[in-house]
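A.B. asks: This is data_5.cif, which holds mmCIF, C-alpha atoms and all ligand atoms:
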data_query
#
loop_
_atom_site.label_atom_id
_atom_site.label_comp_id
_atom_site.auth_asym_id
_atom_site.auth_seq_id
_atom_site.Cartn_x
_atom_site.Cartn_y
_atom_site.Cartn_z
CA MET A 235 0.00 0.00 0.00
CA THR A 236 1.31 3.44 -0.82
CA ARG A 237 1.44 6.04 1.88
CA PRO A 238 -0.62 9.12 1.26
CA ALA A 239 1.58 12.09 0.44
CA HIS A 240 2.20 14.28 3.43
CA GLN A 241 0.26 17.49 3.04
CA ALA A 242 1.65 20.58 4.70
CA THR A 243 2.25 24.13 3.69
CA THR A 244 5.57 25.70 4.51
CA ARG A 245 3.69 27.93 6.98
CA ASN A 246 2.56 25.13 9.26
CA LEU A 247 5.83 23.30 8.72
CA GLY A 248 7.40 26.07 10.79
CA ALA A 249 5.92 24.40 13.85
CA VAL A 250 7.26 20.99 12.86
CA TYR A 251 10.78 22.16 12.05
CA PRO A 252 11.62 25.10 14.29
CA PHE A 253 14.87 26.92 13.70
CA VAL A 254 16.69 25.25 16.54
CA ALA A 255 18.87 27.33 18.83
CA ASP A 256 21.87 25.08 18.88
CA ALA A 257 24.31 24.81 21.73
CA GLY A 258 26.67 22.75 19.59
CA LEU A 259 27.64 25.24 16.94
CA GLY A 260 26.43 28.35 18.74
CA ALA A 261 24.21 29.41 15.86
CA PRO A 262 20.61 28.56 15.06
CA GLY A 263 19.84 26.25 12.16
CA VAL A 264 17.60 23.50 10.89
CA LEU A 265 17.45 20.36 12.97
CA ILE A 266 19.71 17.58 11.69
CA GLY A 267 19.45 15.09 14.54
CA THR A 268 21.15 14.33 17.81
CA ASP A 269 24.79 14.14 18.77
CA VAL A 270 26.35 11.32 20.77
CA ALA A 271 25.37 12.99 24.04
CA GLY A 272 21.74 13.14 22.89
CA ALA A 273 21.76 16.92 22.36
CA THR A 274 20.06 18.31 19.28
CA PHE A 275 22.33 19.31 16.45
CA ALA A 276 21.28 22.02 14.05
CA HIS A 277 23.02 23.59 11.07
CA ASP A 278 22.52 26.53 8.77
CA PRO A 279 25.37 27.48 6.43
CA PHE A 280 24.24 31.06 5.94
CA GLU A 281 23.82 31.76 9.64
CA LEU A 282 27.21 30.19 10.42
CA TYR A 283 28.81 32.30 7.70
CA ARG A 284 27.06 35.47 8.87
CA ARG A 285 28.36 34.92 12.38
CA GLY A 286 31.90 34.23 11.24
CA ILE A 287 31.86 30.64 12.55
CA VAL A 288 32.79 29.45 9.07
CA THR A 289 34.49 31.48 6.36
CA ASN A 290 32.30 30.03 3.59
CA PRO A 291 28.88 28.39 3.42
CA ASN A 292 29.80 25.45 1.16
CA MET A 293 29.42 21.82 2.24
CA VAL A 294 30.81 18.46 1.13
CA VAL A 295 29.15 15.19 2.10
CA PHE A 296 31.20 11.97 1.86
CA GLY A 297 30.05 8.43 2.42
CA GLN A 298 29.94 4.91 1.08
CA ILE A 299 26.94 3.73 -0.93
CA GLY A 300 23.68 3.67 1.01
CA ARG A 301 24.92 5.48 4.12
CA GLY A 302 22.27 8.18 3.92
CA LYS A 303 23.99 11.06 2.11
CA SER A 304 21.11 11.83 -0.22
CA ALA A 305 18.59 11.29 2.58
CA LEU A 306 20.39 13.95 4.59
CA VAL A 307 20.43 16.38 1.68
CA LYS A 308 16.75 15.88 0.83
CA THR A 309 15.54 16.47 4.38
CA TYR A 310 18.01 19.33 4.77
CA LEU A 311 16.50 21.09 1.75
CA TRP A 312 12.97 20.37 2.89
CA ARG A 313 13.62 21.68 6.39
CA HIS A 314 15.23 24.81 4.93
CA ALA A 315 12.16 25.42 2.76
CA VAL A 316 10.31 26.55 5.86
CA PHE A 317 12.58 29.56 6.06
CA GLY A 318 12.05 30.58 2.47
CA ARG A 319 15.31 29.09 1.27
CA ARG A 320 15.43 27.81 -2.26
CA ALA A 321 17.29 24.89 -3.71
CA TRP A 322 18.65 24.01 -7.14
CA VAL A 323 19.61 20.37 -7.53
CA VAL A 324 21.64 18.47 -10.13
CA ASP A 325 20.09 15.02 -9.76
CA PRO A 326 21.94 12.31 -11.70
CA LYS A 327 19.86 9.42 -10.32
CA GLY A 328 16.44 11.02 -10.70
CA GLU A 329 15.68 10.58 -6.99
CA TYR A 330 14.58 14.10 -6.01
CA GLY A 331 11.13 13.70 -7.64
CA PRO A 332 9.28 13.09 -4.35
CA LEU A 333 10.91 16.17 -2.85
CA ALA A 334 9.97 18.21 -5.91
CA ARG A 335 6.37 17.03 -5.71
CA ARG A 336 6.24 17.92 -2.03
CA TRP A 337 7.38 21.38 -3.04
CA GLY A 338 4.73 21.47 -5.78
CA VAL A 339 7.19 21.53 -8.69
CA THR A 340 8.08 19.18 -11.54
CA PRO A 341 11.69 18.16 -12.16
CA VAL A 342 13.30 19.32 -15.40
CA HIS A 343 14.03 16.05 -17.16
CA LEU A 344 16.91 16.34 -19.61
CA ARG A 345 17.55 13.58 -22.12
CA PRO A 346 19.30 13.33 -25.48
CA GLY A 347 16.87 14.28 -28.21
CA GLY A 348 14.36 15.47 -25.61
CA SER A 349 12.31 18.63 -25.85
CA LEU A 350 14.00 20.70 -23.14
CA ARG A 351 17.29 22.50 -23.58
CA LEU A 352 19.52 24.45 -21.22
CA ASN A 353 22.16 26.76 -22.64
CA PRO A 354 25.26 26.48 -20.43
CA LEU A 355 26.59 29.65 -22.09
CA ASP A 356 23.62 31.73 -20.92
CA ALA A 357 24.60 35.10 -19.56
CA PRO A 358 23.14 36.36 -16.31
CA PRO A 359 19.72 37.96 -16.70
CA ALA A 360 20.24 41.28 -18.50
CA ALA A 361 18.69 43.36 -15.76
CA ALA A 362 21.19 42.09 -13.26
CA ALA A 363 24.32 41.89 -15.34
CA GLY A 364 25.90 44.89 -13.62
CA ALA A 365 28.54 43.15 -11.55
CA ASP A 366 30.30 41.18 -14.26
CA GLY A 367 31.47 42.89 -17.41
CA PRO A 368 31.38 41.17 -20.80
CA ASP A 369 35.07 40.23 -20.48
CA GLU A 370 34.45 38.31 -17.27
CA ILE A 371 31.43 36.52 -18.77
CA ALA A 372 33.49 35.56 -21.86
CA ARG A 373 36.34 34.37 -19.64
CA ARG A 374 34.04 32.09 -17.69
CA ARG A 375 32.43 30.76 -20.86
CA ALA A 376 35.86 29.92 -22.26
CA GLU A 377 36.88 28.29 -18.98
CA LEU A 378 33.80 26.07 -19.10
CA LEU A 379 34.37 25.07 -22.73
CA VAL A 380 38.03 24.30 -22.06
CA ALA A 381 36.88 22.08 -19.18
CA LEU A 382 34.27 20.31 -21.31
CA ALA A 383 36.65 19.69 -24.20
CA GLY A 384 39.36 18.57 -21.76
CA ALA A 385 36.94 16.19 -20.06
CA GLY A 386 35.89 14.69 -23.39
CA LEU A 387 39.46 14.33 -24.64
CA ASP A 388 40.58 13.14 -21.22
CA ARG A 389 43.60 15.42 -21.18
CA VAL A 390 44.53 19.02 -20.48
CA LEU A 391 44.16 21.20 -23.56
CA LEU A 392 47.31 22.53 -25.22
CA PRO A 393 47.89 26.29 -25.09
CA THR A 394 47.05 26.52 -28.82
CA GLU A 395 43.75 24.71 -28.18
CA ARG A 396 42.86 26.96 -25.26
CA VAL A 397 43.49 30.04 -27.36
CA ALA A 398 41.33 28.63 -30.17
CA VAL A 399 38.48 28.22 -27.68
CA GLU A 400 38.96 31.71 -26.24
CA LEU A 401 39.04 33.34 -29.67
CA ALA A 402 35.91 31.50 -30.78
CA VAL A 403 34.10 32.63 -27.62
CA GLY A 404 35.24 36.19 -28.37
CA THR A 405 33.89 35.91 -31.92
CA VAL A 406 30.43 34.76 -30.87
CA SER A 407 30.03 36.93 -27.77
CA GLY A 408 28.56 40.41 -28.00
CA ARG A 409 25.71 39.31 -30.23
CA GLN A 410 22.14 40.12 -29.39
CA ARG A 411 21.41 36.76 -27.79
CA ALA A 412 23.64 34.57 -25.63
CA PRO A 413 25.94 32.41 -27.76
CA THR A 414 25.24 28.70 -27.95
CA LEU A 415 27.49 25.66 -28.25
CA PRO A 416 26.76 25.32 -32.01
CA ASP A 417 27.87 28.97 -32.45
CA VAL A 418 31.18 28.26 -30.71
CA VAL A 419 31.80 25.01 -32.58
CA ALA A 420 31.13 26.76 -35.90
CA ALA A 421 33.51 29.58 -34.95
CA MET A 422 36.22 27.05 -34.08
CA LEU A 423 35.84 24.98 -37.24
CA ALA A 424 35.83 28.10 -39.41
CA PRO A 425 37.57 30.88 -37.47
CA SER A 426 37.27 34.49 -38.51
CA ALA A 427 40.15 36.36 -40.09
CA ALA A 428 40.03 38.80 -37.16
CA ALA A 429 40.44 35.97 -34.64
CA ALA A 430 43.46 34.59 -36.55
CA ALA A 431 44.99 38.06 -36.89
CA ALA A 432 44.68 38.59 -33.13
CA ILE A 433 47.34 35.92 -32.56
CA ARG A 434 49.38 36.68 -35.71
CA SER A 435 48.19 33.43 -37.23
CA ASP A 436 46.14 32.55 -40.27
CA VAL A 437 42.66 31.09 -40.50
CA ALA A 438 43.79 27.61 -41.59
CA THR A 439 46.33 27.29 -38.75
CA LEU A 440 43.87 28.49 -36.13
CA ALA A 441 41.24 26.05 -37.42
CA ALA A 442 43.77 23.22 -37.21
CA ASP A 443 44.81 24.29 -33.70
CA GLY A 444 41.23 24.08 -32.44
CA ARG A 445 40.01 21.12 -34.46
CA HIS A 446 40.28 18.37 -31.85
CA ALA A 447 38.65 20.46 -29.16
CA ALA A 448 35.94 21.59 -31.60
CA LEU A 449 35.12 18.03 -32.61
CA GLU A 450 34.85 17.02 -28.97
CA LEU A 451 32.47 19.90 -28.23
CA ARG A 452 30.54 18.97 -31.36
CA ARG A 453 29.46 15.80 -29.56
CA LEU A 454 27.15 17.96 -27.48
CA VAL A 455 25.80 19.56 -30.64
CA ALA A 456 25.53 16.86 -33.26
CA GLY A 457 26.63 13.68 -31.55
CA ASP A 458 25.10 11.32 -29.03
CA LEU A 459 24.41 14.10 -26.54
CA ARG A 460 22.58 16.46 -28.85
CA GLY A 461 19.32 18.07 -27.84
CA MET A 462 20.18 19.00 -24.26
CA PHE A 463 22.69 21.83 -24.25
CA ASP A 464 22.87 22.89 -27.88
CA GLY A 465 20.52 25.82 -28.20
CA PRO A 466 18.89 28.67 -26.32
CA THR A 467 17.32 27.68 -23.01
CA SER A 468 13.76 26.43 -23.56
CA PRO A 469 11.01 28.80 -22.57
CA GLY A 470 9.45 27.84 -19.28
CA VAL A 471 12.68 26.59 -17.71
CA GLU A 472 13.44 29.18 -15.12
CA LEU A 473 14.71 29.42 -11.65
CA GLY A 474 11.83 31.33 -10.13
CA ALA A 475 10.42 28.22 -8.48
CA PRO A 476 11.49 27.52 -4.90
CA LEU A 477 13.01 24.19 -5.94
CA VAL A 478 14.56 23.39 -9.30
CA VAL A 479 15.59 19.79 -9.96
CA LEU A 480 17.60 18.97 -13.09
CA ASP A 481 16.94 15.27 -13.57
CA LEU A 482 19.77 13.67 -15.57
CA SER A 483 18.88 10.07 -14.82
CA SER A 484 18.56 9.09 -18.46
CA LEU A 485 22.37 9.45 -18.65
CA TYR A 486 23.23 7.97 -15.27
CA ARG A 487 24.90 4.91 -16.71
CA SER A 488 26.52 6.77 -19.59
CA PRO A 489 30.24 7.59 -19.71
CA ALA A 490 29.09 11.10 -20.64
CA LEU A 491 27.46 11.66 -17.24
CA GLY A 492 30.31 13.93 -16.07
CA VAL A 493 30.08 16.19 -19.11
CA VAL A 494 26.31 16.41 -18.84
CA MET A 495 26.46 17.20 -15.11
CA THR A 496 29.06 19.87 -15.81
CA CYS A 497 26.80 21.53 -18.39
CA ALA A 498 23.85 21.41 -15.99
CA THR A 499 25.89 22.87 -13.13
CA ALA A 500 27.29 25.53 -15.45
CA TRP A 501 23.79 26.54 -16.45
CA LEU A 502 22.80 26.96 -12.80
CA HIS A 503 25.92 28.98 -12.10
CA ALA A 504 25.32 31.11 -15.19
CA GLN A 505 21.97 32.10 -13.74
CA LEU A 506 23.72 33.41 -10.66
CA ALA A 507 26.79 35.08 -12.04
CA GLY A 508 26.56 38.78 -11.63
CA ALA A 509 22.93 38.69 -10.57
CA ALA A 510 22.36 41.80 -8.51
CA SER A 511 19.80 40.16 -6.28
CA VAL A 512 20.18 36.45 -5.84
CA PRO A 513 17.24 35.38 -3.69
CA ALA A 514 18.45 35.02 -0.13
CA GLY A 515 19.90 31.63 0.65
CA VAL A 516 19.99 29.40 -2.41
CA LEU A 517 21.35 25.91 -1.79
CA ILE A 518 22.94 24.39 -4.91
CA VAL A 519 23.30 20.62 -4.67
CA VAL A 520 25.38 18.43 -6.94
CA ASP A 521 24.58 14.86 -5.90
CA GLU A 522 27.00 12.16 -7.11
CA ALA A 523 29.56 14.93 -7.68
CA TRP A 524 32.34 12.36 -8.01
CA ALA A 525 31.26 12.05 -11.64
CA ILE A 526 32.46 15.54 -12.40
CA LEU A 527 35.39 15.88 -10.05
CA SER A 528 37.41 13.01 -11.45
CA ASN A 529 38.40 15.17 -14.39
CA LEU A 530 41.11 17.72 -13.70
CA ALA A 531 39.86 20.36 -16.15
CA VAL A 532 36.34 20.16 -14.77
CA ALA A 533 37.57 20.17 -11.16
CA ARG A 534 39.50 23.33 -11.95
CA TRP A 535 36.44 24.96 -13.48
CA LEU A 536 34.22 23.89 -10.59
CA GLN A 537 36.61 25.25 -8.02
CA SER A 538 36.57 28.69 -9.56
CA SER A 539 32.74 28.69 -9.72
CA TRP A 540 32.63 27.42 -6.15
CA LYS A 541 34.77 30.34 -5.02
CA LEU A 542 32.53 32.81 -6.80
CA ALA A 543 29.46 31.34 -5.18
CA ARG A 544 30.40 32.96 -1.89
CA ALA A 545 30.08 36.37 -3.49
CA TRP A 546 26.77 35.29 -5.03
CA GLY A 547 25.26 34.40 -1.63
CA VAL A 548 24.68 30.71 -2.29
CA ALA A 549 25.81 27.57 -0.51
CA ASN A 550 27.09 24.69 -2.64
CA ILE A 551 26.62 21.14 -1.46
CA ALA A 552 28.62 18.40 -3.20
CA VAL A 553 27.92 14.73 -2.48
CA LEU A 554 30.82 12.31 -2.95
CA HIS A 555 31.55 8.71 -2.09
CA ARG A 556 35.15 8.82 -1.01
CA VAL A 557 37.62 11.48 -0.05
CA SER A 558 39.84 10.17 -2.82
CA ASP A 559 37.12 11.10 -5.36
CA LEU A 560 38.51 14.57 -4.99
CA THR A 561 42.01 13.67 -5.97
CA ALA A 562 41.34 10.96 -8.56
CA SER A 563 44.71 9.76 -9.81
CA GLY A 564 46.54 12.92 -8.79
CA ALA A 565 49.85 12.20 -7.10
CA GLU A 566 50.83 14.06 -3.94
CA GLY A 567 51.80 17.63 -4.84
CA SER A 568 50.00 17.38 -8.19
CA GLU A 569 47.54 20.00 -9.38
CA HIS A 570 44.68 17.60 -8.68
CA GLN A 571 45.76 17.32 -5.04
CA GLN A 572 46.03 21.08 -4.78
CA LEU A 573 42.58 21.50 -6.28
CA ALA A 574 41.20 19.02 -3.77
CA ARG A 575 42.70 20.99 -0.93
CA GLY A 576 41.37 24.22 -2.41
CA LEU A 577 37.87 22.82 -2.77
CA LEU A 578 37.91 21.54 0.79
CA ALA A 579 39.26 24.86 2.06
CA ASP A 580 36.24 26.41 0.38
CA SER A 581 33.87 23.93 2.09
CA GLU A 582 34.02 24.45 5.80
CA THR A 583 31.20 22.06 6.56
CA ARG A 584 32.35 18.50 5.91
CA VAL A 585 29.99 15.66 6.65
CA VAL A 586 31.70 12.28 6.72
CA TYR A 587 29.60 9.10 6.69
CA GLY A 588 31.17 5.64 6.84
CA GLN A 589 34.33 5.25 4.77
CA ALA A 590 36.19 2.08 3.90
CA PRO A 591 39.33 1.50 6.00
CA GLY A 592 41.41 1.98 2.85
CA GLU A 593 40.14 5.55 2.58
CA ILE A 594 41.11 6.61 6.05
CA ASP A 595 44.62 7.78 5.26
CA ALA A 596 43.31 10.10 2.55
CA ALA A 597 40.55 11.29 4.89
CA ARG A 598 43.00 12.04 7.69
CA HIS A 599 45.24 13.85 5.33
CA LEU A 600 42.70 15.94 3.46
CA LEU A 601 40.07 16.47 6.14
CA GLY A 602 42.42 16.73 9.09
CA LEU A 603 40.79 13.92 11.09
CA SER A 604 42.18 13.32 14.56
CA PRO A 605 43.41 9.76 15.32
CA THR A 606 40.18 9.06 17.25
CA GLU A 607 38.02 10.35 14.40
CA ALA A 608 40.00 8.28 11.93
CA GLU A 609 39.25 5.18 14.00
CA LEU A 610 35.59 6.08 14.29
CA VAL A 611 34.75 6.83 10.65
CA PRO A 612 34.89 3.24 9.30
CA GLN A 613 32.55 2.16 12.11
CA LEU A 614 29.77 4.68 11.51
CA GLY A 615 26.45 3.06 10.65
CA ARG A 616 23.75 4.23 8.27
CA GLY A 617 22.48 7.70 9.08
CA VAL A 618 25.37 8.57 11.42
CA ALA A 619 28.11 10.97 10.35
CA LEU A 620 31.04 12.95 11.63
CA TRP A 621 30.32 16.64 11.05
CA LYS A 622 33.37 18.87 10.90
CA VAL A 623 32.25 22.46 10.88
CA GLY A 624 34.80 25.26 10.94
CA GLY A 625 37.31 23.12 12.82
CA ARG A 626 34.84 21.63 15.33
CA SER A 627 33.62 18.03 15.28
CA PHE A 628 30.32 16.37 16.12
CA VAL A 629 29.07 12.83 15.63
CA VAL A 630 25.45 13.20 14.59
CA ARG A 631 22.63 10.72 14.04
CA HIS A 632 20.43 12.13 11.28
CA LEU A 633 16.78 11.90 12.25
CA VAL A 634 14.23 11.23 9.53
CA GLY A 635 10.66 12.05 10.52
CA ARG A 636 7.78 9.72 9.65
CA SER A 637 6.41 12.31 7.30
CA GLU A 638 9.76 12.43 5.50
CA ALA A 639 10.11 8.69 4.86
CA ASP A 640 8.73 8.93 1.34
CA LEU A 641 11.24 11.70 0.51
CA VAL A 642 14.30 9.67 1.39
CA GLY A 643 13.55 6.02 0.57
CA THR A 644 15.93 4.79 -2.10
CA ASP A 645 16.17 1.11 -1.25
CA ASP A 646 13.31 -1.29 -1.50
CA ARG A 647 13.89 -3.10 1.74
CA MET A 648 13.83 0.18 3.61
CA GLN A 649 10.77 1.27 1.66
CA ALA A 650 9.03 -1.93 2.66
CA ALA A 651 10.00 -1.41 6.30
CA VAL A 652 8.50 2.05 6.53
CA ARG A 653 5.23 1.05 4.88
N1 LIG B 1 19.01 8.76 8.94
C1 LIG B 1 18.32 7.77 8.38
N2 LIG B 1 17.35 7.12 9.05
C2 LIG B 1 16.65 6.14 8.46
N3 LIG B 1 16.85 5.69 7.21
C3 LIG B 1 17.80 6.28 6.50
C4 LIG B 1 18.60 7.34 7.04
N4 LIG B 1 19.46 7.74 6.10
C5 LIG B 1 19.23 6.95 5.03
N5 LIG B 1 18.24 6.09 5.26
C6 LIG B 1 17.75 5.11 4.29
O1 LIG B 1 18.85 4.45 3.72
C7 LIG B 1 18.67 4.27 2.33
C8 LIG B 1 19.88 4.78 1.57
O2 LIG B 1 19.99 6.17 1.78
P1 LIG B 1 20.54 7.17 0.68
O3 LIG B 1 19.93 6.91 -0.63
O4 LIG B 1 20.40 8.52 1.25
O5 LIG B 1 22.07 6.73 0.65
P2 LIG B 1 23.28 7.40 -0.14
O6 LIG B 1 24.39 7.54 0.83
O7 LIG B 1 22.84 8.62 -0.83
O8 LIG B 1 23.64 6.25 -1.18
P3 LIG B 1 24.25 6.33 -2.66
O9 LIG B 1 25.73 6.51 -2.51
O10 LIG B 1 23.91 5.00 -3.25
O11 LIG B 1 23.61 7.47 -3.36
C9 LIG B 1 17.38 4.97 1.96
O12 LIG B 1 16.39 4.02 1.69
C10 LIG B 1 17.01 5.80 3.16
O13 LIG B 1 15.64 5.82 3.38
MG MG B 2 22.74 9.13 -2.83
#
Spell out the structure here as structure tokens.

C.D. replies:
Amino acid sequence: MTRPAHQATTRNLGAVYPFVADAGLGAPGVLIGTDVAGATFAHDPFELYRRGIVTNPNMVVFGQIGRGKSALVKTYLWRHAVFGRRAWVVDPKGEYGPLARRWGVTPVHLRPGGSLRLNPLDAPPAAAAGADGPDEIARRRAELLVALAGAGLDRVLLPTERVAVELAVGTVSGRQRAPTLPDVVAAMLAPSAAAAAAIRSDVATLAADGRHAALELRRLVAGDLRGMFDGPTSPGVELGAPLVVLDLSSLYRSPALGVVMTCATAWLHAQLAGAASVPAGVLIVVDEAWAILSNLAVARWLQSSWKLARAWGVANIAVLHRVSDLTASGAEGSEHQQLARGLLADSETRVVYGQAPGEIDAARHLLGLSPTEAELVPQLGRGVALWKVGGRSFVVRHLVGRSEADLVGTDDRMQAAVR
């Protein structure tokens, strides 16, 4: 038997989820659960940031499969809704549907050849574009395209390739409408004389320089991924709703998942960049973020967007399996390791669910776990995590209310148990 959907407006939810005055962190926040001593534990990234308890509002959630990472995020978003917070979610498994329905919205389902498109090269809404000049917008577009081409080619682009991308972005920017991926690919395959002259080259050489990168980007335009990111954003897709879920589940098992998630995240970030009035407290979630962080070029791009997010007044939440997802194959001292450290430095709330014993060295190293914490982490059961917030640690059991069971259930046995 299916449970009836829980009916509640955000107004009467205020009574169910009060903003808890928390002794633990010394700042009020939404209830997460209880700590080992049985005291309530609450968390709010914006409040912690406002009070200087953390220097940034971003969060990373680590944990082995099935430990309750997504369950935490879903209830976290739902409990924040009471306070007028909004959430934008990149959902690679298509599991945020129940949360969306609870919020009264429909997920945006992206699939190759589908009817909805997002343009990752969108500029911020014209009315709000004051903060970032056209040069900055072009720079970020080029950075994204370099990351996408690098991810597809599985290598770092050569300087000549980077320049070919940058010049093509320059050629297609400044038009009436935001450029699209097909515009950029066309400008790379057939560069303008002005672009070639800018680097004392000729059109044929510049075209040859950019050809590999252009063909890789063309995959998103004419290849197996067409129809999702290759045109102006479809009318009706907008971020005005309190919750926006980008459902990418039709590509979950595809090797292209990382590229697709990057485009989706880029589109969300493009909506924020330079916006004069981002609605107070947007939470941007990238679930299964390991799929994008394993690529160096994309990790580099994400880190710079992540940094900017602080200025935009949003909190990013990335969900990963293992600490080593952040470093992929990067050797100690490598750029990948440095990026991992940078991303963690920009995420002062780290939630660590159970990790395999083999991960503990990396966790100690990158997250600064104490010897006791390092011993504890492999033993944590489902729903229990070590929270490290601005240098302080708490072991917290995440409480899921009866009315939230249908939001979080992702395994059938559990589903059966709560019915
Ligand atoms: N705190 C909790 N209390 C009760 N049940 C929970 C709790 N956290 C998670 N669960 C249940 O455990 C199951 C797995 O949780 P969830 O999908 O959140 O795991 P996950 O860590 O996101 O896994 P994956 O890595 O596969 O995405 C779900 O069915 C959920 O209902
Ligand atoms: Mg999950």

A.B. asks: Find the residues near ligand LIG 1 (chain B). Use a cut-off of 9 Å, count only C-alpha atoms and all ligand atoms, and write them as a PyMOL selection string.

C.D. replies: chain A and resi 267+296-308+327+329+521-522+553-555+587+616-618+631-635+639-649+652

A.B. asks: Choose the residue, out of A:Ala420, A:Ala597, A:Val323, A:Ala475, that has the smallest atom-to-atom separation from A:His343; count all atoms listed in the file.

C.D. replies: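 Among A:Ala420, A:Ala597, A:Val323, A:Ala475, it is A:Val323 that comes nearest to A:His343.
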
A.B. asks: In the coordinates of the file, take the point (9.8, 18.5, -25.6) and a cut-off of 12 Å; then, counting all atoms listed in the file, name each qualifying protein, DNA or RNA residue as a list in words.

C.D. replies: Val342, His343, Leu344, Arg345, Pro346, Gly347, Gly348, Ser349, Leu350, Arg351, Gly461, Met462, Ser468, Pro469, Gly470 and Val471 of chain A

A.B. asks: Quick one, how far is atom CA of A:Leu491 from atom CA of A:Ala525?

C.D. replies: 6.8 Å

A.B. asks: For ligand MG 2 (chain B), which of A:Ala523, A:His314, A:Met495, A:Thr340 is the closest residue, counting all atoms listed in the file?

C.D. replies: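 Looking only at the distances to ligand MG 2 (chain B), the closest residue turns out to be A:Ala523.
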
A.B. asks: Report, as AutoDock Vina command-line options, the centre and edge lengths in Å (one decimal) of the axis-aligned box enclosing every listed atom of stretch 380-392 of chain A, padded by 6 Å on each side.

C.D. replies:
--center_x 40.8 --center_y 18.7 --center_z -22.2 --size_x 25.0 --size_y 23.2 --size_z 18.0

A.B. asks: Enter the distance from atom CA of A:Ser483 to atom CA of A:Asp325, in Å, rounded to one decimal.

C.D. replies: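 Atom-to-atom, atom CA of A:Ser483 and atom CA of A:Asp325 are spaced 7.2 Å apart.
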
A.B. asks: Residues near A:Leu610, anyone? I mean within 10 Å using all atoms listed in the file, not counting same-chain ones fewer than 2 positions away, as a list in words.

C.D. replies: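 What passes the distance filter is Gly588, Gln589, Ile594, Leu603, Ser604, Pro605, Thr606, Glu607, Ala608, Pro612, Gln613, Leu614, Ala619, Leu620 and Val629 of chain A.
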
A.B. asks: Which value, in Å to one decimal, gives the distance between atom CA of A:Arg411 and atom CA of A:Leu382?

C.D. replies: 21.9 Å

A.B. asks: Find the residues around A:Gln537 up to 9 Å (only C-alpha atoms counted), leave out those fewer than 2 positions away in its own chain, and share them as a list in words.

C.D. replies: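 In the requested format, the answer is Val532, Ala533, Arg534, Trp535, Ser539, Trp540, Lys541, Leu542, Leu573, Ala574, Gly576, Leu577 and Asp580 of chain A.
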
A.B. asks: Using all atoms listed in the file, which residue out of A:Ala412, A:Pro262, A:Thr274, A:Val516 lies closest to A:Gly474?

C.D. replies: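 Among the listed residues, the smallest separation from A:Gly474 belongs to A:Val516.
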
A.B. asks: Pick from A:Ala357, A:Val611, A:Leu600, A:Ile526: nearest to A:Val557, with all atoms listed in the file counted?

C.D. replies: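 The answer is A:Leu600, which sits nearest to A:Val557.
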
A.B. asks: If we draw a sphere of 10 Å around (30.1, 17.1, -30.2), which residues have at least one atom in it when counting all atoms listed in the file? Please report them as a list in words.

C.D. replies: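 Protein, DNA and RNA residues close to (30.1, 17.1, -30.2): Ala383, Gly386, Leu415, Pro416, Val419, Ala447, Ala448, Leu449, Glu450, Leu451, Arg452, Arg453, Leu454, Val455, Ala456, Gly457, Asp458, Leu459, Arg460 and Asp464 of chain A.
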
A.B. asks: Taking only C-alpha atoms into account, which of A:Arg584, A:Arg544, A:Arg636, A:Arg626 comes nearest A:Asn290?

C.D. replies: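 Nearest to A:Asn290: A:Arg544.
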
A.B. asks: Residues at most 10 Å from A:Gly384, counting only C-alpha atoms, excluding those fewer than 6 positions away in the same chain, as a list in words?

C.D. replies: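 Using only C-alpha atoms, the neighbours found are Leu378, Val390, Leu391, Leu392, Glu395, Arg396, Ala447, Glu450, Leu451, Val493, Asn529, Leu530, Ala531 and Val532 of chain A.
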
A.B. asks: Which residue is closest to ligand MG 2 (chain B)? Choose from A:Trp546, A:Val324, A:Leu502, A:His570 and count only C-alpha atoms and all ligand atoms.

C.D. replies: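 So, comparing all the options, the nearest one is A:Val324.
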
A.B. asks: Identify, on the basis of only C-alpha atoms, every residue whose closest approach to stretch 275-289 of chain A does not exceed 6 Å; exclude the query and any residue fewer than 3 positions from it along the same chain; express the result as a list of chain:residue names.

C.D. replies: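 Within the cut-off, the hits are A:Asp256, A:Gly263, A:Val264, A:Leu265, A:Ile266, A:Gly267, A:Thr268, A:Gly624.
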
A.B. asks: For stretch 435-445 of chain A, please output as a count of residues only all residues within 7 Å (counting only C-alpha atoms; exclusion window: fewer than 4 positions along the same chain).

C.D. replies: 13

A.B. asks: Complete stretch 301-305 of chain A at the level of N, CA and C atoms, written as a short mmCIF file (atom, residue, chain, number, x, y, z; two decimals), in the frame of the given file.

C.D. replies:
data_model
loop_
_atom_site.label_atom_id
_atom_site.label_comp_id
_atom_site.auth_asym_id
_atom_site.auth_seq_id
_atom_site.Cartn_x
_atom_site.Cartn_y
_atom_site.Cartn_z
N ARG A 301 24.74 5.04 2.74
CA ARG A 301 24.92 5.48 4.12
C ARG A 301 23.92 6.55 4.55
N GLY A 302 23.26 7.16 3.55
CA GLY A 302 22.27 8.18 3.92
C GLY A 302 22.66 9.59 3.52
N LYS A 303 23.57 9.73 2.55
CA LYS A 303 23.99 11.06 2.11
C LYS A 303 22.83 11.82 1.46
N SER A 304 22.19 11.14 0.49
CA SER A 304 21.11 11.83 -0.22
C SER A 304 19.92 12.06 0.71
N ALA A 305 19.69 11.11 1.62
CA ALA A 305 18.59 11.29 2.58
C ALA A 305 18.82 12.54 3.41
#
